[in-house]
Every structure is written in C-alpha cells, then in structure tokens.
file start-v5.tsv (TSV, C-alpha atoms and all ligand atoms)
chain	number	residue	atom	x	y	z
A	1	MET	CA	-51.17	-95.90	-43.21
A	2	PRO	CA	-47.38	-95.66	-42.69
A	3	ARG	CA	-45.88	-95.14	-39.26
A	4	CYS	CA	-43.22	-92.73	-38.12
A	5	TYR	CA	-40.05	-94.74	-37.45
A	6	HIS	CA	-39.46	-92.75	-34.28
A	7	CYS	CA	-42.77	-92.40	-32.45
A	8	GLY	CA	-44.66	-95.16	-34.20
A	9	GLU	CA	-47.70	-92.94	-34.79
A	10	ARG	CA	-49.57	-93.34	-38.07
A	11	PHE	CA	-49.50	-90.40	-40.46
A	12	ASP	CA	-50.66	-89.78	-44.04
A	13	ASP	CA	-47.46	-88.00	-44.94
A	14	LEU	CA	-44.03	-89.03	-43.82
A	15	TYR	CA	-40.69	-87.44	-44.60
A	16	LYS	CA	-37.64	-89.46	-45.52
A	17	CYS	CA	-34.38	-88.75	-43.69
A	18	ASP	CA	-31.51	-88.83	-46.17
A	19	LYS	CA	-29.01	-89.79	-43.48
A	20	CYS	CA	-30.66	-92.91	-42.03
A	21	ASN	CA	-33.13	-93.62	-44.88
A	22	GLN	CA	-36.12	-94.00	-42.55
A	23	TYR	CA	-39.46	-92.23	-42.66
A	24	TYR	CA	-40.65	-89.77	-40.02
A	25	CYS	CA	-43.59	-87.60	-39.08
A	26	TYR	CA	-43.31	-83.81	-39.23
A	27	LEU	CA	-42.28	-83.65	-35.56
A	28	HIS	CA	-39.43	-86.12	-35.94
A	29	LYS	CA	-38.22	-85.41	-39.46
A	30	ASP	CA	-35.05	-83.55	-38.45
A	31	PRO	CA	-32.08	-85.81	-37.58
A	32	ILE	CA	-31.75	-84.28	-34.10
A	33	ASN	CA	-35.36	-85.18	-33.30
A	34	HIS	CA	-35.07	-88.86	-34.10
A	35	GLU	CA	-31.59	-89.55	-32.79
A	36	CYS	CA	-30.38	-90.15	-36.31
A	37	ASN	CA	-26.89	-91.38	-35.37
A	38	ILE	CA	-28.33	-94.08	-33.13
A	39	VAL	CA	-30.83	-95.16	-35.77
A	40	LYS	CA	-27.99	-95.50	-38.26
A	41	ALA	CA	-25.79	-97.43	-35.82
A	42	SER	CA	-28.58	-99.78	-34.77
A	43	LEU	CA	-29.65	-100.45	-38.37
A	44	GLU	CA	-26.07	-101.32	-39.30
A	45	LEU	CA	-25.81	-103.65	-36.34
A	46	GLN	CA	-29.16	-105.22	-37.16
A	47	TYR	CA	-28.07	-105.72	-40.74
A	48	SER	CA	-24.77	-107.34	-39.85
A	49	SER	CA	-26.36	-109.66	-37.26
A	50	ASN	CA	-28.93	-110.80	-39.81
A	51	GLU	CA	-26.37	-111.86	-42.37
A	52	PRO	CA	-26.63	-115.61	-42.88
A	53	SER	CA	-22.89	-116.22	-43.24
A	54	HIS	CA	-22.25	-114.50	-39.93
A	55	ASP	CA	-25.00	-116.37	-38.11
A	56	TYR	CA	-23.87	-119.68	-39.53
A	57	LEU	CA	-20.73	-119.42	-37.47
A	58	ASN	CA	-22.70	-119.11	-34.24
A	59	SER	CA	-25.50	-121.60	-34.45
A	60	HIS	CA	-27.16	-123.28	-37.34
A	61	ASN	CA	-30.68	-123.19	-35.91
A	62	GLN	CA	-30.51	-119.57	-35.04
A	63	SER	CA	-29.17	-118.72	-38.44
A	64	SER	CA	-32.11	-120.26	-40.21
A	65	THR	CA	-34.67	-118.37	-38.13
A	66	ASN	CA	-32.85	-115.11	-38.49
A	67	TYR	CA	-32.50	-115.71	-42.17
A	68	ALA	CA	-36.21	-116.38	-42.51
A	69	GLU	CA	-37.03	-113.17	-40.69
A	70	ASN	CA	-34.64	-111.32	-42.89
A	71	ILE	CA	-36.28	-112.68	-46.01
A	72	SER	CA	-39.78	-111.96	-44.78
A	73	SER	CA	-38.98	-108.41	-43.86
A	74	THR	CA	-37.27	-107.64	-47.15
A	75	HIS	CA	-40.24	-109.00	-49.07
A	76	GLN	CA	-42.83	-106.92	-47.30
A	77	GLN	CA	-44.56	-104.14	-49.15
A	78	GLN	CA	-43.16	-101.38	-47.01
A	79	PRO	CA	-39.93	-102.67	-45.52
A	80	ASN	CA	-38.91	-99.23	-44.33
A	81	TYR	CA	-41.85	-98.86	-42.02
A	82	GLN	CA	-41.90	-102.43	-40.86
A	83	SER	CA	-38.26	-102.94	-40.02
A	84	SER	CA	-38.47	-100.94	-36.80
A	85	TYR	CA	-40.86	-103.46	-35.30
A	86	SER	CA	-38.83	-106.49	-36.24
A	87	GLU	CA	-38.21	-108.54	-33.12
A	88	SER	CA	-34.73	-109.44	-34.31
A	89	SER	CA	-33.44	-105.96	-33.67
A	90	GLU	CA	-30.61	-106.12	-31.16
A	91	ILE	CA	-30.70	-102.55	-30.00
A	92	ARG	CA	-34.26	-101.78	-29.03
A	93	GLY	CA	-33.50	-98.30	-27.93
A	94	THR	CA	-30.53	-96.27	-26.93
A	95	THR	CA	-29.71	-92.85	-25.72
A	96	ASP	CA	-26.90	-90.87	-27.20
A	97	GLY	CA	-26.48	-88.31	-24.46
A	98	THR	CA	-29.64	-86.47	-25.34
A	99	PHE	CA	-31.52	-85.50	-22.24
A	100	THR	CA	-34.63	-87.49	-22.87
A	101	TRP	CA	-34.94	-90.73	-24.67
A	102	TYR	CA	-37.91	-91.22	-26.93
A	103	ARG	CA	-39.41	-94.48	-28.06
A	104	ARG	CA	-42.87	-95.88	-28.30
A	105	GLU	CA	-44.04	-96.84	-24.84
A	106	SER	CA	-45.17	-100.25	-26.06
A	107	ASN	CA	-41.60	-101.07	-27.09
A	108	ILE	CA	-40.24	-100.56	-23.60
A	109	PRO	CA	-39.90	-103.60	-21.34
A	110	ASP	CA	-40.94	-103.17	-17.70
A	111	ASN	CA	-37.36	-103.58	-16.53
A	112	ALA	CA	-35.80	-101.29	-19.11
A	113	PHE	CA	-32.90	-100.24	-16.89
A	114	SER	CA	-31.82	-103.76	-15.93
A	115	PRO	CA	-29.01	-105.58	-17.78
A	116	ASN	CA	-31.27	-108.27	-19.28
A	117	SER	CA	-33.94	-105.92	-20.66
A	118	GLY	CA	-32.49	-106.06	-24.19
A	119	ILE	CA	-31.98	-102.32	-24.20
A	120	GLU	CA	-28.48	-101.11	-24.70
A	121	PHE	CA	-27.78	-97.72	-23.20
A	122	LYS	CA	-25.05	-96.50	-25.46
A	123	GLY	CA	-24.52	-92.96	-24.22
A	124	ILE	CA	-24.67	-93.82	-20.54
A	125	LEU	CA	-21.71	-94.34	-18.25
A	126	LEU	CA	-21.89	-97.28	-15.79
A	127	PRO	CA	-25.40	-98.11	-17.11
A	128	TYR	CA	-26.25	-100.77	-14.54
A	129	LYS	CA	-24.96	-99.07	-11.40
A	130	PRO	CA	-27.51	-97.74	-8.90
A	131	GLU	CA	-29.00	-94.31	-9.33
A	132	PHE	CA	-27.59	-93.19	-5.99
A	133	LEU	CA	-24.02	-93.72	-7.24
A	134	HIS	CA	-24.77	-91.73	-10.38
A	135	LEU	CA	-26.23	-88.88	-8.31
A	136	LEU	CA	-23.27	-88.96	-5.93
A	137	ILE	CA	-20.62	-88.83	-8.68
A	138	GLY	CA	-22.56	-86.15	-10.56
A	139	SER	CA	-23.02	-84.00	-7.45
A	140	VAL	CA	-19.38	-84.23	-6.36
A	141	LEU	CA	-18.18	-83.21	-9.84
A	142	ILE	CA	-20.56	-80.26	-9.97
A	143	TYR	CA	-19.55	-79.18	-6.47
A	144	ILE	CA	-15.85	-79.21	-7.41
A	145	ILE	CA	-16.47	-77.28	-10.63
A	146	GLY	CA	-18.58	-74.82	-8.66
A	147	LEU	CA	-15.79	-74.28	-6.10
A	148	MET	CA	-13.21	-73.72	-8.81
A	149	GLY	CA	-15.49	-71.46	-10.82
A	150	PHE	CA	-16.43	-69.18	-7.93
A	151	TYR	CA	-12.92	-69.03	-6.48
A	152	ASN	CA	-11.24	-65.70	-6.95
A	153	PRO	CA	-8.05	-64.97	-4.99
A	154	GLN	CA	-8.84	-61.30	-4.21
A	155	ASN	CA	-12.45	-61.95	-3.22
A	156	GLN	CA	-11.41	-64.90	-1.14
A	157	GLN	CA	-8.87	-62.71	0.71
A	158	LEU	CA	-11.57	-60.12	1.41
A	159	LEU	CA	-13.97	-62.80	2.62
A	160	ASN	CA	-11.30	-64.38	4.81
A	161	ASP	CA	-10.61	-60.98	6.40
A	162	LEU	CA	-14.32	-60.54	7.13
A	163	GLY	CA	-14.44	-64.02	8.65
A	164	PHE	CA	-16.62	-65.39	5.87
A	165	GLY	CA	-14.05	-67.49	4.03
A	166	TRP	CA	-16.41	-70.47	4.12
A	167	ILE	CA	-18.99	-68.72	1.98
A	168	ILE	CA	-17.56	-70.18	-1.24
A	169	PHE	CA	-18.53	-73.66	0.04
A	170	MET	CA	-22.09	-72.44	0.53
A	171	VAL	CA	-22.24	-70.96	-2.99
A	172	ALA	CA	-20.90	-74.20	-4.53
A	173	GLY	CA	-23.59	-76.01	-2.53
A	174	PHE	CA	-26.29	-73.80	-4.06
A	175	TYR	CA	-24.79	-74.40	-7.49
A	176	THR	CA	-25.00	-78.17	-6.94
A	177	THR	CA	-28.55	-78.07	-5.59
A	178	ALA	CA	-29.72	-75.85	-8.46
A	179	PHE	CA	-28.63	-78.62	-10.82
A	180	LEU	CA	-29.89	-81.50	-8.67
A	181	PHE	CA	-33.32	-80.00	-7.96
A	182	HIS	CA	-33.73	-79.27	-11.68
A	183	GLU	CA	-33.08	-82.93	-12.49
A	184	PHE	CA	-35.36	-84.10	-9.68
A	185	GLY	CA	-38.11	-81.92	-11.16
A	186	HIS	CA	-37.93	-83.92	-14.40
A	187	ARG	CA	-37.64	-87.18	-12.48
A	188	GLN	CA	-40.60	-86.70	-10.13
A	189	VAL	CA	-42.98	-85.57	-12.88
A	190	ALA	CA	-41.97	-88.59	-14.99
A	191	ILE	CA	-42.59	-90.88	-11.99
A	192	HIS	CA	-45.95	-89.18	-11.48
A	193	PHE	CA	-46.89	-90.24	-15.03
A	194	GLY	CA	-45.74	-93.80	-14.34
A	195	LEU	CA	-42.74	-93.57	-16.67
A	196	GLN	CA	-39.45	-95.36	-16.08
A	197	THR	CA	-36.81	-92.84	-15.21
A	198	LYS	CA	-33.37	-92.60	-13.64
A	199	PHE	CA	-30.63	-90.05	-13.23
A	200	ARG	CA	-27.74	-91.30	-15.38
A	201	LEU	CA	-24.21	-90.10	-15.97
A	202	LEU	CA	-23.85	-89.46	-19.69
A	203	LYS	CA	-20.62	-90.08	-21.59
A	204	PHE	CA	-20.96	-86.90	-23.62
A	205	GLY	CA	-21.80	-84.92	-20.50
A	206	MET	CA	-18.79	-86.33	-18.69
A	207	ILE	CA	-16.52	-85.13	-21.51
A	208	ILE	CA	-17.97	-81.62	-21.14
A	209	THR	CA	-17.53	-81.87	-17.38
A	210	ALA	CA	-13.93	-83.05	-17.69
A	211	PHE	CA	-13.31	-80.02	-19.89
A	212	GLY	CA	-14.97	-77.83	-17.25
A	213	LEU	CA	-12.65	-79.26	-14.58
A	214	LEU	CA	-9.66	-78.55	-16.79
A	215	MET	CA	-10.79	-74.97	-17.38
A	216	GLY	CA	-11.24	-74.54	-13.63
A	217	LEU	CA	-7.72	-75.78	-12.93
A	218	ILE	CA	-6.30	-73.49	-15.62
A	219	SER	CA	-8.11	-70.45	-14.28
A	220	ILE	CA	-6.89	-71.13	-10.73
A	221	ALA	CA	-3.32	-71.80	-11.87
A	222	SER	CA	-3.21	-68.70	-14.08
A	223	GLY	CA	-5.00	-66.46	-11.60
A	224	VAL	CA	-7.48	-65.39	-14.28
A	225	GLN	CA	-11.03	-65.87	-13.16
A	226	GLY	CA	-13.45	-67.28	-15.64
A	227	LEU	CA	-17.06	-68.25	-15.39
A	228	PRO	CA	-17.82	-71.55	-13.71
A	229	GLY	CA	-16.98	-74.30	-16.16
A	230	LEU	CA	-19.91	-76.04	-17.74
A	231	ALA	CA	-20.88	-78.97	-15.54
A	232	LEU	CA	-23.31	-81.38	-17.16
A	233	PRO	CA	-22.18	-84.82	-15.97
A	234	GLY	CA	-25.58	-86.38	-16.43
A	235	ALA	CA	-29.30	-85.98	-16.74
A	236	VAL	CA	-32.54	-87.67	-15.94
A	237	VAL	CA	-33.32	-90.19	-18.66
A	238	VAL	CA	-37.05	-90.72	-19.16
A	239	LEU	CA	-38.25	-93.68	-21.16
A	240	GLY	CA	-41.40	-93.56	-23.23
A	241	LEU	CA	-41.93	-89.91	-24.00
A	242	ASP	CA	-43.18	-90.79	-27.44
A	243	LYS	CA	-44.70	-87.62	-28.75
A	244	ILE	CA	-44.86	-83.98	-27.88
A	245	ASP	CA	-47.98	-83.81	-25.77
A	246	LYS	CA	-48.90	-82.63	-22.28
A	247	LYS	CA	-47.00	-85.47	-20.61
A	248	THR	CA	-43.76	-84.70	-22.45
A	249	GLY	CA	-44.28	-80.96	-22.05
A	250	LEU	CA	-44.78	-81.20	-18.30
A	251	CYS	CA	-41.83	-83.58	-17.83
A	252	LYS	CA	-39.65	-81.09	-19.71
A	253	ALA	CA	-41.03	-77.94	-18.12
A	254	ALA	CA	-40.52	-79.34	-14.61
A	255	GLY	CA	-36.74	-78.71	-14.62
A	256	PRO	CA	-36.78	-74.98	-15.45
A	257	THR	CA	-39.89	-74.50	-13.26
A	258	VAL	CA	-37.99	-75.87	-10.28
A	259	ASN	CA	-35.19	-73.36	-10.96
A	260	LEU	CA	-37.73	-70.55	-11.20
A	261	ILE	CA	-39.25	-71.47	-7.83
A	262	TYR	CA	-35.98	-72.28	-6.06
A	263	GLY	CA	-34.39	-69.08	-7.44
A	264	SER	CA	-37.37	-66.97	-6.34
A	265	ILE	CA	-37.26	-68.39	-2.83
A	266	LEU	CA	-33.51	-67.72	-2.54
A	267	PHE	CA	-33.99	-64.21	-3.92
A	268	ALA	CA	-36.68	-63.46	-1.33
A	269	VAL	CA	-34.58	-64.96	1.47
A	270	SER	CA	-31.59	-62.84	0.40
A	271	PHE	CA	-33.55	-59.69	1.38
A	272	LEU	CA	-34.71	-61.17	4.69
A	273	ILE	CA	-31.21	-61.97	5.89
A	274	SER	CA	-29.48	-58.93	7.31
A	275	ILE	CA	-25.95	-60.25	7.56
A	276	PHE	CA	-23.58	-58.95	4.89
A	277	PRO	CA	-22.14	-60.65	2.80
A	278	ILE	CA	-24.27	-63.78	3.33
A	279	ASN	CA	-27.32	-61.97	1.89
A	280	LEU	CA	-25.37	-60.92	-1.22
A	281	PHE	CA	-24.20	-64.46	-1.90
A	282	ILE	CA	-27.68	-65.91	-1.44
A	283	GLY	CA	-28.80	-63.32	-4.00
A	284	MET	CA	-26.11	-64.71	-6.30
A	285	ALA	CA	-27.34	-68.24	-5.62
A	286	ALA	CA	-30.74	-67.08	-6.89
A	287	SER	CA	-29.13	-65.88	-10.12
A	288	ILE	CA	-27.44	-69.27	-10.57
A	289	ASN	CA	-30.94	-70.79	-10.70
A	290	PHE	CA	-32.28	-68.21	-13.14
A	291	MET	CA	-29.22	-68.69	-15.39
A	292	LEU	CA	-29.53	-72.47	-15.30
A	293	GLY	CA	-33.24	-72.29	-16.03
A	294	LEU	CA	-32.75	-69.88	-18.93
A	295	PHE	CA	-29.89	-71.93	-20.37
A	296	ASN	CA	-32.09	-75.02	-20.43
A	297	LEU	CA	-34.87	-73.06	-22.13
A	298	ILE	CA	-32.76	-72.34	-25.22
A	299	PRO	CA	-34.95	-74.04	-27.84
A	300	ILE	CA	-32.42	-76.44	-29.33
A	301	GLY	CA	-32.50	-80.21	-29.56
A	302	ILE	CA	-31.00	-81.59	-26.40
A	303	LEU	CA	-32.16	-78.85	-24.03
A	304	ASP	CA	-35.56	-78.71	-22.34
A	305	GLY	CA	-36.57	-75.61	-24.28
A	306	GLU	CA	-37.26	-77.15	-27.67
A	307	ASN	CA	-39.98	-79.53	-26.56
A	308	ILE	CA	-41.60	-77.05	-24.15
A	309	PHE	CA	-41.75	-74.57	-27.04
A	310	LYS	CA	-43.30	-77.14	-29.37
A	311	TRP	CA	-45.79	-78.27	-26.72
A	312	ASN	CA	-47.08	-74.96	-25.39
A	313	LYS	CA	-45.83	-71.51	-26.38
A	314	LYS	CA	-47.61	-69.82	-23.43
A	315	VAL	CA	-45.81	-72.00	-20.88
A	316	TYR	CA	-42.54	-71.51	-22.73
A	317	PHE	CA	-42.77	-67.72	-22.83
A	318	PHE	CA	-44.07	-67.53	-19.27
A	319	LEU	CA	-40.95	-69.36	-18.06
A	320	VAL	CA	-38.53	-67.37	-20.24
A	321	ILE	CA	-40.01	-63.93	-19.51
A	322	SER	CA	-40.44	-64.46	-15.77
A	323	MET	CA	-36.87	-65.67	-15.41
A	324	LEU	CA	-35.54	-62.80	-17.56
A	325	ILE	CA	-37.36	-60.23	-15.41
A	326	LEU	CA	-36.12	-61.84	-12.20
A	327	ILE	CA	-32.55	-62.07	-13.40
A	328	ILE	CA	-32.53	-58.39	-14.38
A	329	ILE	CA	-33.86	-57.30	-10.96
A	330	ASN	CA	-31.42	-59.73	-9.34
A	331	TYR	CA	-28.41	-58.34	-11.22
A	332	ILE	CA	-29.37	-54.75	-10.49
A	333	SER	CA	-29.63	-55.55	-6.76
A	334	ILE	CA	-26.28	-57.32	-6.72
A	335	TYR	CA	-24.30	-54.76	-8.74
A	336	LEU	CA	-25.76	-51.48	-7.46
A	337	PRO	CA	-23.08	-49.21	-5.95
A	338	PRO	CA	-22.65	-49.80	-2.18
A	339	ALA	CA	-24.45	-46.57	-1.19
A	340	SER	CA	-27.77	-47.68	-2.69
A	341	ASN	CA	-27.25	-51.45	-2.67
A	342	PRO	CA	-29.90	-53.30	-0.65
A	343	TYR	CA	-27.37	-55.93	0.45
A	344	TYR	CA	-24.78	-53.56	1.96
A	345	ILE	CA	-26.12	-52.98	5.43
A	401	ZN	ZN	-42.96	-89.26	-35.08
A	402	ZN	ZN	-32.14	-89.85	-39.78
A	403	ZN	ZN	-33.68	-80.16	-17.80
call {"tool": "encode", "arguments": {"input": "start-v5.tsv", "output": "structure tokens"}}
result
Amino acid sequence: MPRCYHCGERFDDLYKCDKCNQYYCYLHKDPINHECNIVKASLELQYSSNEPSHDYLNSHNQSSTNYAENISSTHQQQPNYQSSYSESSEIRGTTDGTFTWYRRESNIPDNAFSPNSGIEFKGILLPYKPEFLHLLIGSVLIYIIGLMGFYNPQNQQLLNDLGFGWIIFMVAGFYTTAFLFHEFGHRQVAIHFGLQTKFRLLKFGMIITAFGLLMGLISIASGVQGLPGLALPGAVVVLGLDKIDKKTGLCKAAGPTVNLIYGSILFAVSFLISIFPINLFIGMAASINFMLGLFNLIPIGILDGENIFKWNKKVYFFLVISMLILIIINYISIYLPPASNPYYI
C-alpha cells in the first residue's frame, strides 16, 4: 500500500500534488499542508547531489555509492513513494516559517536541533543558538512593538497628568506575556508528549516584525495612531507531529487555551482593582489575550486554528465562542460611557 509522502502513513488512495509531483493522503494533499515549497527545494537539492558528474568532482568512492542508490531508487516499482525514505536525502526535514513542523517521528534523530543532526532548519534564524537567546530577542522585539503600538500622545499626556505615565510599560508587558505564555503553552504540552521542541525565531516572522517596527515608527512620527503592529518574531517549533490526532490537537489548542485562561484571570482582576486607570488598562490587557487567541484560531494553514478544527470541532468552537463572548463583554465594559462604566470609580 502506498505511503503519504508527508506523514508516511499507508493509505489506499493518495492524491498527487501537481506542484511537487509527490503523493499525499487526504489530510496532506493541499500544498500548504505538506510544505510544498520545501519538498520541491529538497527534491531539487537531492537530485543535484545525486548526479554522478557532480559527485565525481568530490570523491570517486562516494560518487559510486550515490550513483548506485540513484539507480536503485529509479528502478523501483514506485519511485515516488520510496524516494522520501532514501537515506541519501540531504535535507531530512525543514521548516519554512510554518508554526509547526511535521515529519514522521521515526525520521527525526534524537538530537534534531543540534548542528550535526542532518536536519537543516531553513526558515529559522540563528538555528543553533540557545533557546533563551531566541526568547530574549523575540520578547524584546514584541515589547518595543507593543510600546509603539499603544503610545498615543494625547492619552499619554492625560496619563502623565494623572501620575500614571508608566502604565504604557505595564500594557506592553502584558502584550509580551500574552505572546510568550501562548508559545509556552504549545511548548509545555509538546514536552509533556516527549516531543522535541524549541522556541525559534523565524525568518518570515522577523520580516513581519520588522514591518511592524517600521509601522510603529511611522505612526509615532506622523502622530497618527494605528493598531499595534503585527509582532510574530518566532514560534515554538515542534518536531514529530505527524498526523492530526489528539497529540497534535492538544499541542495546537494549548496556545489559544492559555490566552483564554490568562485573559479571563486579567479580566477578573480588572474588576477587583479599584484604582482608576490601572483597572481599565488591565481590562485592556485581557482583551489583548482574547484578540491574540482568536487571531490564532483563524482556520488557515500556519495558524493554530486549522489543525484544532480538523482534530476536534467541539474544542475548536468552545475556544472560539468563549473568547468571542468574553471579548464582547470586555469591550462593552471598557467603552461604556463614564457614568455607567465599571472602571471609572
Ligand atoms: Zn499524510
Ligand atoms: Zn506539493
Ligand atoms: Zn499558537
């Protein structure tokens, strides 16, 4: 029975992808679900490294073995299914800035994140630097974007007059922790399942973040306040989530669930604190969490939503509906006129 090129599971029916010419199961048949660009790139690289003329230049011995492998694989009955398990493949797995990296667990070496594992992390910035450095850089960038996004000259003047000018630093701190705790949710659940995982800065995410920084600078310079720029410098990369099952579903659902819990706690605390405007801004910090959670639940490829939706519709709709209800109550509380606003004491 043929195997899916992505998850390695055996299926009766496979679908061919016209872009990379490999065969996939129904779950991985769309290019976005099998990291099509990476498959194409790694097949091209594999092909060029297997060319006898090229290998001849390097070492004669090596060339003959590679050549033999090349011959044997092209003469197999089903070369398309077999080629993924060829040991000669240079790139055993890569991530292209998608938030989770899928590959059969059995293909992952124990030291996947170390330089000599044979895995090339294409979409990752500084791939062999410690996780702490990645977290530090990511957090600082998010904090700066948060500060710029929440800065508004008139509001800041009002806050300064009230003696609460520092509050913007608190809000940016909540913005940063909303992101960090979300990522730690994914990370801790993956560790619980014994999967290899690390927070990594992603090249694509850093481009988005650089754009967010630029937008922040423009809005401050022009005096026009925009929304906080999108800050997505990195994400938790989990190795070995091979198919959409409970393990994958829980790893994915952990991020938005953390935002739901963290947001709910902040929302409750905002009513317990009786100092205006600290209470109001903690209420806003709750909405940051609900927004972040909802954004990640959008059911498209690289966000958490798609795989939660495919895994368990009840969990998916529970998360979406509870966060929608909370964000509506939250917005009403924040934007009620002062006379009836619970925060204006
Ligand atoms: Zn598959
Ligand atoms: Zn493809
Ligand atoms: Zn997430």
call {"tool": "residues_near_ligand", "arguments": {"input": "start-v5.tsv", "ligand": "ligand ZN 402 (chain A)", "cutoff": "12 Å", "atoms": "all atoms listed in the file", "output": "ChimeraX atom specification"}}
result
/A:4-6,15-25,28-43
call {"tool": "closest_atom_pairs", "arguments": {"input": "start-v5.tsv", "of": "chain A", "to": "ligand ZN 403 (chain A)", "cutoff": "10 Å", "atoms": "only C-alpha atoms and all ligand atoms", "output": "JSON lines"}}
result
{"residue": "A:Phe99", "atom": "CA", "partner": "A:ZN403", "partner_atom": "ZN", "distance": 7.3}
{"residue": "A:Thr100", "atom": "CA", "partner": "A:ZN403", "partner_atom": "ZN", "distance": 9.0}
{"residue": "A:Phe179", "atom": "CA", "partner": "A:ZN403", "partner_atom": "ZN", "distance": 8.8}
{"residue": "A:Leu180", "atom": "CA", "partner": "A:ZN403", "partner_atom": "ZN", "distance": 10.0}
{"residue": "A:Phe181", "atom": "CA", "partner": "A:ZN403", "partner_atom": "ZN", "distance": 9.8}
{"residue": "A:His182", "atom": "CA", "partner": "A:ZN403", "partner_atom": "ZN", "distance": 6.2}
{"residue": "A:Glu183", "atom": "CA", "partner": "A:ZN403", "partner_atom": "ZN", "distance": 6.0}
{"residue": "A:Phe184", "atom": "CA", "partner": "A:ZN403", "partner_atom": "ZN", "distance": 9.2}
{"residue": "A:Gly185", "atom": "CA", "partner": "A:ZN403", "partner_atom": "ZN", "distance": 8.2}
{"residue": "A:His186", "atom": "CA", "partner": "A:ZN403", "partner_atom": "ZN", "distance": 6.6}
{"residue": "A:Arg187", "atom": "CA", "partner": "A:ZN403", "partner_atom": "ZN", "distance": 9.7}
{"residue": "A:Ala235", "atom": "CA", "partner": "A:ZN403", "partner_atom": "ZN", "distance": 7.4}
{"residue": "A:Val236", "atom": "CA", "partner": "A:ZN403", "partner_atom": "ZN", "distance": 7.8}
{"residue": "A:Cys251", "atom": "CA", "partner": "A:ZN403", "partner_atom": "ZN", "distance": 8.8}
{"residue": "A:Lys252", "atom": "CA", "partner": "A:ZN403", "partner_atom": "ZN", "distance": 6.3}
{"residue": "A:Ala253", "atom": "CA", "partner": "A:ZN403", "partner_atom": "ZN", "distance": 7.7}
{"residue": "A:Ala254", "atom": "CA", "partner": "A:ZN403", "partner_atom": "ZN", "distance": 7.6}
{"residue": "A:Gly255", "atom": "CA", "partner": "A:ZN403", "partner_atom": "ZN", "distance": 4.6}
{"residue": "A:Pro256", "atom": "CA", "partner": "A:ZN403", "partner_atom": "ZN", "distance": 6.5}
{"residue": "A:Thr257", "atom": "CA", "partner": "A:ZN403", "partner_atom": "ZN", "distance": 9.6}
{"residue": "A:Val258", "atom": "CA", "partner": "A:ZN403", "partner_atom": "ZN", "distance": 9.7}
{"residue": "A:Asn259", "atom": "CA", "partner": "A:ZN403", "partner_atom": "ZN", "distance": 9.8}
{"residue": "A:Leu292", "atom": "CA", "partner": "A:ZN403", "partner_atom": "ZN", "distance": 9.1}
{"residue": "A:Gly293", "atom": "CA", "partner": "A:ZN403", "partner_atom": "ZN", "distance": 8.1}
{"residue": "A:Phe295", "atom": "CA", "partner": "A:ZN403", "partner_atom": "ZN", "distance": 9.4}
{"residue": "A:Asn296", "atom": "CA", "partner": "A:ZN403", "partner_atom": "ZN", "distance": 6.0}
{"residue": "A:Leu297", "atom": "CA", "partner": "A:ZN403", "partner_atom": "ZN", "distance": 8.4}
{"residue": "A:Ile302", "atom": "CA", "partner": "A:ZN403", "partner_atom": "ZN", "distance": 9.1}
{"residue": "A:Leu303", "atom": "CA", "partner": "A:ZN403", "partner_atom": "ZN", "distance": 6.5}
{"residue": "A:Asp304", "atom": "CA", "partner": "A:ZN403", "partner_atom": "ZN", "distance": 5.1}
{"residue": "A:Gly305", "atom": "CA", "partner": "A:ZN403", "partner_atom": "ZN", "distance": 8.4}
call {"tool": "residues_near_point", "arguments": {"input": "start-v5.tsv", "point": "(-19.6, -56.8, 4.6)", "cutoff": "7 Å", "atoms": "only C-alpha atoms", "output": "number ranges by chain"}}
result
A: 162, 276-277, 344
call {"tool": "residues_near_point", "arguments": {"input": "start-v5.tsv", "point": "(-19.4, -74.1, -6.1)", "cutoff": "9 Å", "atoms": "all atoms listed in the file", "output": "list in words"}}
result
Ile142, Tyr143, Ile144, Ile145, Gly146, Leu147, Met148, Gly149, Phe150, Tyr151, Ile168, Phe169, Met170, Val171, Ala172, Gly173, Phe174, Tyr175, Thr176 and Pro228 of chain A
call {"tool": "atom_distance", "arguments": {"input": "start-v5.tsv", "atom1": "atom CA of Ile220 of chain A", "atom2": "atom CA of Ala285 of chain A"}}
result
21.3 Å
call {"tool": "atom_distance", "arguments": {"input": "start-v5.tsv", "atom1": "atom CA of Ile328 of chain A", "atom2": "atom CA of Leu260 of chain A"}}
result
13.6 Å
call {"tool": "build_atoms", "arguments": {"input": "start-v5.tsv", "residues": "segment 216-226 of chain A", "atoms": "N, CA, C and O atoms", "output": "compact mmCIF listing (two decimals), in the frame of the given file"}}
result
# COMPACT_ATOMS: atom_id res chain seq x y z
N GLY A 216 -11.32 -75.01 -15.01
CA GLY A 216 -11.24 -74.54 -13.63
C GLY A 216 -9.81 -74.56 -13.12
O GLY A 216 -9.35 -73.59 -12.51
N LEU A 217 -9.11 -75.66 -13.38
CA LEU A 217 -7.72 -75.78 -12.93
C LEU A 217 -6.85 -74.72 -13.59
O LEU A 217 -6.02 -74.08 -12.94
N ILE A 218 -7.09 -74.50 -14.90
CA ILE A 218 -6.30 -73.49 -15.62
C ILE A 218 -6.55 -72.11 -15.04
O ILE A 218 -5.61 -71.35 -14.81
N SER A 219 -7.83 -71.80 -14.77
CA SER A 219 -8.11 -70.45 -14.28
C SER A 219 -7.53 -70.23 -12.88
O SER A 219 -7.09 -69.14 -12.56
N ILE A 220 -7.50 -71.28 -12.06
CA ILE A 220 -6.89 -71.13 -10.73
C ILE A 220 -5.38 -70.99 -10.86
O ILE A 220 -4.77 -70.09 -10.27
N ALA A 221 -4.77 -71.82 -11.71
CA ALA A 221 -3.32 -71.80 -11.87
C ALA A 221 -2.85 -70.47 -12.47
O ALA A 221 -1.81 -69.95 -12.09
N SER A 222 -3.64 -69.92 -13.40
CA SER A 222 -3.21 -68.70 -14.08
C SER A 222 -3.66 -67.45 -13.34
O SER A 222 -3.25 -66.35 -13.69
N GLY A 223 -4.52 -67.62 -12.35
CA GLY A 223 -5.00 -66.46 -11.60
C GLY A 223 -6.05 -65.65 -12.34
O GLY A 223 -6.51 -64.63 -11.86
N VAL A 224 -6.45 -66.10 -13.53
CA VAL A 224 -7.48 -65.39 -14.28
C VAL A 224 -8.81 -66.06 -13.95
O VAL A 224 -8.95 -67.27 -14.10
N GLN A 225 -9.76 -65.25 -13.50
CA GLN A 225 -11.03 -65.87 -13.16
C GLN A 225 -11.96 -65.94 -14.34
O GLN A 225 -12.19 -64.95 -15.02
N GLY A 226 -12.47 -67.12 -14.58
CA GLY A 226 -13.45 -67.28 -15.64
C GLY A 226 -14.80 -67.56 -15.04
O GLY A 226 -14.98 -67.52 -13.83
